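Contents: one structure, followed by commentary.
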2 protein chains.
Amino acid sequence: MDDIVKKVVSGDVRAVARLIRDIDDGIPEVRDILKKLYPHTGKAYVIGITGAPGVGKSTLVDQMVAHLREQGKTVGVLAVDPTSPFSGGAILGDRVRMQRHSMDNGVFIRSMATRGHFGGLTQSTRSAIDVLDAMGKDYILVETVGVGQDEVDVVKSAHTTVIVVIPGMGDDIQAIKAGILEAGDIFVINKAEREGADKTLADLRLMLDMDQKKYEGGRWKPPILKTEAVFDRGVVELLEEIEKHRKYLEDTYGTLVPRRSKDKVREELYDMVKARLIEEVMGRLTETGEFDKAVEDIVAGKTDPYTACDRLVLPKIEPHQDSTA
Amino acid sequence: MDDIVKKVVSGDVRAVARLIRDIDDGIPEVRDILKKLYPHTGKAYVIGITGAPGVGKSTLVDQMVAHLREQGKTVGVLAVDPTSPFSGGAILGDRVRMQRHSMDNGVFIRSMATRGHFGGLTQSTRSAIDVLDAMGKDYILVETVGVGQDEVDVVKSAHTTVIVVIPGMGDDIQAIKAGILEAGDIFVINKAEREGADKTLADLRLMLDMDQKKYEGGRWKPPILKTEAVFDRGVVELLEEIEKHRKYLEDTYGTLVPRRSKDKVREELYDMVKARLIEEVMGRLTETGEFDKAVEDIVAGKTDPYTACDRLVLPKIEPHQDSTA
C-alpha cells in the first residue's frame, strides 16, 4: 500500500489511473490509500467547468489545457459524467481527448462515468481530485456534463467554478435554477460567433444583477466572457479572469486558498459520514437478510414501512445517551 | 394521537392540512401517526405529472380535477416544488389554485415547498400521498416542477406518470435525460395549438421508439397526446389513456394495483432507512460536539477526513458480526 502511495506522489500515471478507477468502482480498500495521500494534497488549484451538453465544454477545456501548458503549468483533467451508462464510453472519450496531449507528461486526463459508488458522485470526485493533487498537478480542471443539482454539487469542490452557456438559450437560462447560477464564479458564452450572443449576455447580466446585494462589500462579482473555443478566441482572457478570482480568494481567505476551509471540510465530512453509515449498516441488513424480510412483511401487510424502519435501524446503532441523565 | 388518525381517516381537512405541514417540516412525531394511518392506505390511484416550468402543468391538473369530479371521483392534489425557497409562495399558490374548487369538499389541494426534511423530498411526498390516501381520495395527482432527478424520484411514487412538454422544445427534449424519458407512462404535448407540435411529437416518438426492445412482449408503450389545457382540449383523452394504463397495470400485476409492489416497497424502505440512519447518528454526533471537533481537527491538519469519518461512524454502530466466526 505504501508502494501505491509513493507511486502516486511521484506522479506514476498507471498507479494514478488505477486508483481513480478503484474510487469510481467503490473499492473500500481505497480509503486507506486516501488517508495516506491526504497530507500530500492541498496544493493544486481546482477549476470546475459545467454547462448543458453541446455548449462546447470539452473544446474549451482542451484549449485551457494548451494555454496552461504554455505557461509551464501541469494539469489534471477529470471529466465527470453521471449520466453516462457505459464506463467504456468515457474511456473512449479519454482516448479521443487525449490525442493532442497524449505525449505530454504534464497533462493527465481521466473520466469518471459511474454514479459514484464511493459515497456519492461528489465524494468520488473529491477523492479523485485529491489523487491528482497528491500527484503534483498545478491545476485540476473538473468538467461535468449537465446543469442539474448533481453537477453543482460536483463543482462545489472547485476553487473557481465556470458556467458555460451558448447564445440563444434565452428560455433555458431562465430554467437554470437559482442554485446553479449562484454556483458560478465566472460565466462563459461559448460559440459567441453565433447570433444572439449579445442578448444572452444581457439576459445573464440582468439575472446576475438581480442578486445585487450579494456583491456588496467587495464580494466577487461574476464576470461574463464571450469565447469561441474552437478558434481559441477568449480562452486566454478566461484564464486571466480565473487568476483574478484566485487572487480575490487569496486576498479574502489568506494565501492558502481554502479548498480546505471550515465550510468545505464540514460539507465533505458530512457527505462522507452519510455515505459510510449507509454502506456499513445497509451492508449488514442485507447480509443478514433482515432487510428482505422486512420488505416481505410490508408487502404481506404484516407491518408498515415506518415500523419496519424503526426495527431495522434502531438496534443497529448505539443507544441514545440522554444528556439530561 | 388516535384522535388525529380518526380525523384524517374521516376526511377532516384541517387535520390533513396540519399533518402534511408537519411532514413537510420534518416533525419526528409524525411517524407514529403515519404508522397508524398505514392500514388505511393503498386504495387511491396516484398520478404523477412532471415537466419543465411553463409547460402548463397546473392548468392541466386543474382541468383533470374538474373532469374527475364530473365522474364523481374525489381528488387530492399535491404540488411539490423543491426549488421554491418560500413556503409562503406555495401557500399563496394553493389559494389561487383552489379558487375554482374551493367550495368542493371532494377536492383537496396542498403544496409542499421545502426540500423534504422528513427523510428526503421523495419520502415526504410518499408520506403526504399516504395521508391523502388514508383520507379517502380516489385519485391523487402529484405535480412536480422541473424535470431533474429529484422530480423523477418524486413521480416514482405514482402509478401512472405523465410527462408534459410543449412544442418547439426540440433541443430541450434531447436534454431530457434518459432516466426521465424512461419514467414516463404517458407523454403530453400541451399548448399543442402552437407551431411545431407535430415536429415535437415526431421527435418524441423517435426517441421513445429508439428504446423499442422495452415494449416487446406486450409491455406498455407510452402514448403521446396533444392537449390544449387552457381550452380543455385533449384532457378527457388524457384521462382515458390513464385509465388504459391503470387497466394494463391491473392486468399485469393483479387487481390490487401495486403501488405496494415488492420493488416499490424495497425502494421506499431503503430511502427511509437511509434517512433515519443519518438523522439519528448525525443528531448524536452534532449534540455531543464530536462532529464539530472532527471538522476542526481536519482544518488544523491534525487528521484527514477519511480517518475522521471512521472514528465518527464506527463507534456509533453495532460491531460487525463476522459470519465466518
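Ligands are numbered from 1 in the order shown, residues from 1 within each chain, and chains are lettered A, B, ... in the order they appear in the C-alpha cells.
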
* Near-stretch 187-200 of chain B list (12 Å; only C-alpha atoms; drop same-chain fewer than 3 positions) as number ranges by chain -> B: 48-52, 54-61, 160-174, 180-184, 203-208, 221-235, 237-239, 241-242

Chain A near chain B within 8 Å: what's each residue's closest atom pair and its distance in Å to one decimal, counting only C-alpha atoms, ordered by chain then ascending residue number, as a tab-separated table?
```
residue	atom	partner	partner_atom	distance
A:Arg31	CA	B:Tyr306	CA	6.6
A:Asp32	CA	B:Tyr306	CA	7.9
A:Leu34	CA	B:Tyr306	CA	7.2
A:Lys35	CA	B:Tyr306	CA	5.8
A:Tyr38	CA	B:Asp304	CA	6.3
A:Pro39	CA	B:Asp304	CA	7.7
A:Ala52	CA	B:Ala175	CA	7.9
A:Pro53	CA	B:Ala175	CA	7.4
A:Thr83	CA	B:Lys177	CA	7.6
A:Gly148	CA	B:Gly148	CA	6.7
A:Ala175	CA	B:Pro53	CA	7.4
A:Lys177	CA	B:Thr83	CA	7.6
A:Arg260	CA	B:Val299	CA	6.4
A:Ser261	CA	B:Val299	CA	6.8
A:Lys262	CA	B:Val299	CA	6.3
A:Val265	CA	B:Val295	CA	6.3
A:Arg266	CA	B:Val295	CA	5.7
A:Glu268	CA	B:Pro305	CA	7.8
A:Leu269	CA	B:Pro305	CA	6.1
A:Met272	CA	B:Cys309	CA	6.5
A:Val273	CA	B:Cys309	CA	5.6
A:Lys274	CA	B:Ile278	CA	6.0
A:Arg276	CA	B:Val313	CA	7.2
A:Leu277	CA	B:Val313	CA	6.5
A:Ile278	CA	B:Lys274	CA	6.0
A:Val281	CA	B:Ile317	CA	7.6
A:Arg284	CA	B:His320	CA	7.4
A:Asp292	CA	B:Arg266	CA	8.0
A:Val295	CA	B:Arg266	CA	5.7
A:Glu296	CA	B:Lys262	CA	7.3
A:Ile298	CA	B:Val265	CA	7.3
A:Val299	CA	B:Lys262	CA	6.3
A:Asp304	CA	B:Tyr38	CA	6.3
A:Pro305	CA	B:Leu269	CA	6.1
A:Tyr306	CA	B:Lys35	CA	5.8
A:Thr307	CA	B:Lys35	CA	6.5
A:Ala308	CA	B:Leu269	CA	8.0
A:Cys309	CA	B:Val273	CA	5.6
A:Leu312	CA	B:Val273	CA	7.5
A:Val313	CA	B:Val273	CA	6.5
A:Pro315	CA	B:Glu318	CA	7.8
A:Lys316	CA	B:Glu318	CA	5.2
A:Ile317	CA	B:Ile317	CA	4.2
A:Glu318	CA	B:Lys316	CA	5.1
A:His320	CA	B:Arg284	CA	7.4
```

* **Selection: 7 Å around stretch 104-108 of chain B, only C-alpha atoms, excl. self and same-chain fewer than 6 positions, as an MDAnalysis selection string** => chainID B and resid 74:77

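For stretch 42-88 of chain B, backbone-based DSSP assignment of alpha helix (DSSP H) covers Lys57, Ser58, Thr59, Leu60, Val61, Asp62, Gln63, Met64, Val65, Ala66, His67, Leu68, Arg69, Glu70, Ser87 and Gly88 of chain B.
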
Export of the given selection (C-alpha atoms) as a PDB file, in the first residue's frame:
```
ATOM      1  CA  LYS B  57     -48.943  21.616 -15.705  1.00  0.00           C
ATOM      2  CA  SER B  58     -51.128  23.494 -13.227  1.00  0.00           C
ATOM      3  CA  THR B  59     -53.799  24.256 -15.832  1.00  0.00           C
ATOM      4  CA  LEU B  60     -53.737  20.661 -16.979  1.00  0.00           C
ATOM      5  CA  VAL B  61     -54.102  19.413 -13.405  1.00  0.00           C
ATOM      6  CA  ASP B  62     -56.934  21.855 -12.822  1.00  0.00           C
ATOM      7  CA  GLN B  63     -58.843  20.505 -15.847  1.00  0.00           C
ATOM      8  CA  MET B  64     -58.149  16.908 -14.867  1.00  0.00           C
ATOM      9  CA  VAL B  65     -59.597  17.610 -11.429  1.00  0.00           C
ATOM     10  CA  ALA B  66     -62.734  19.098 -12.993  1.00  0.00           C
ATOM     11  CA  HIS B  67     -63.307  16.044 -15.210  1.00  0.00           C
ATOM     12  CA  LEU B  68     -62.628  13.558 -12.428  1.00  0.00           C
ATOM     13  CA  ARG B  69     -65.140  15.414 -10.272  1.00  0.00           C
ATOM     14  CA  GLU B  70     -67.717  15.189 -13.089  1.00  0.00           C
ATOM     15  CA  SER B  87     -43.284  28.095   1.669  1.00  0.00           C
ATOM     16  CA  GLY B  88     -45.394  31.249   1.702  1.00  0.00           C
TER      17      GLY B  88
END
```

* To do: For A:Ala158, work out the shell of residues within 8 Å, counting only C-alpha atoms and skipping chain neighbours fewer than 3 positions away, then give it as an MDAnalysis selection string.
  => chainID A and resid 45:48 142 155 161 259

* Atom-to-atom span, atom CA of B:Asp3 and atom CA of B:Ala128, Å ->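 Answer for the atom CA of B:Asp3 to atom CA of B:Ala128 separation: 18.3 Å.
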
* Determine the nearest neighbour of A:Gly136 from the options A:Val13, A:Ala44, A:Leu19, A:Val5, counting only C-alpha atoms. => A:Ala44

* Asked: How many Å lie between atom CA of A:Ile129 and atom CA of A:Arg14, rounded to one decimal?
  -> 16.1 Å

* To do: Please indicate the distance in Å from atom CA of B:Ala15 to atom CA of B:Met1, rounded to one decimal place.
  =>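 According to the coordinates, atom CA of B:Ala15 and atom CA of B:Met1 are separated by 11.2 Å.
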
* Name the closest residue to A:Tyr253 among the candidates A:Val236, A:Asp209, A:His159, A:Glu151; distances are taken between atoms, counting only C-alpha atoms. =>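 Of all the options, A:His159 lies closest to A:Tyr253.
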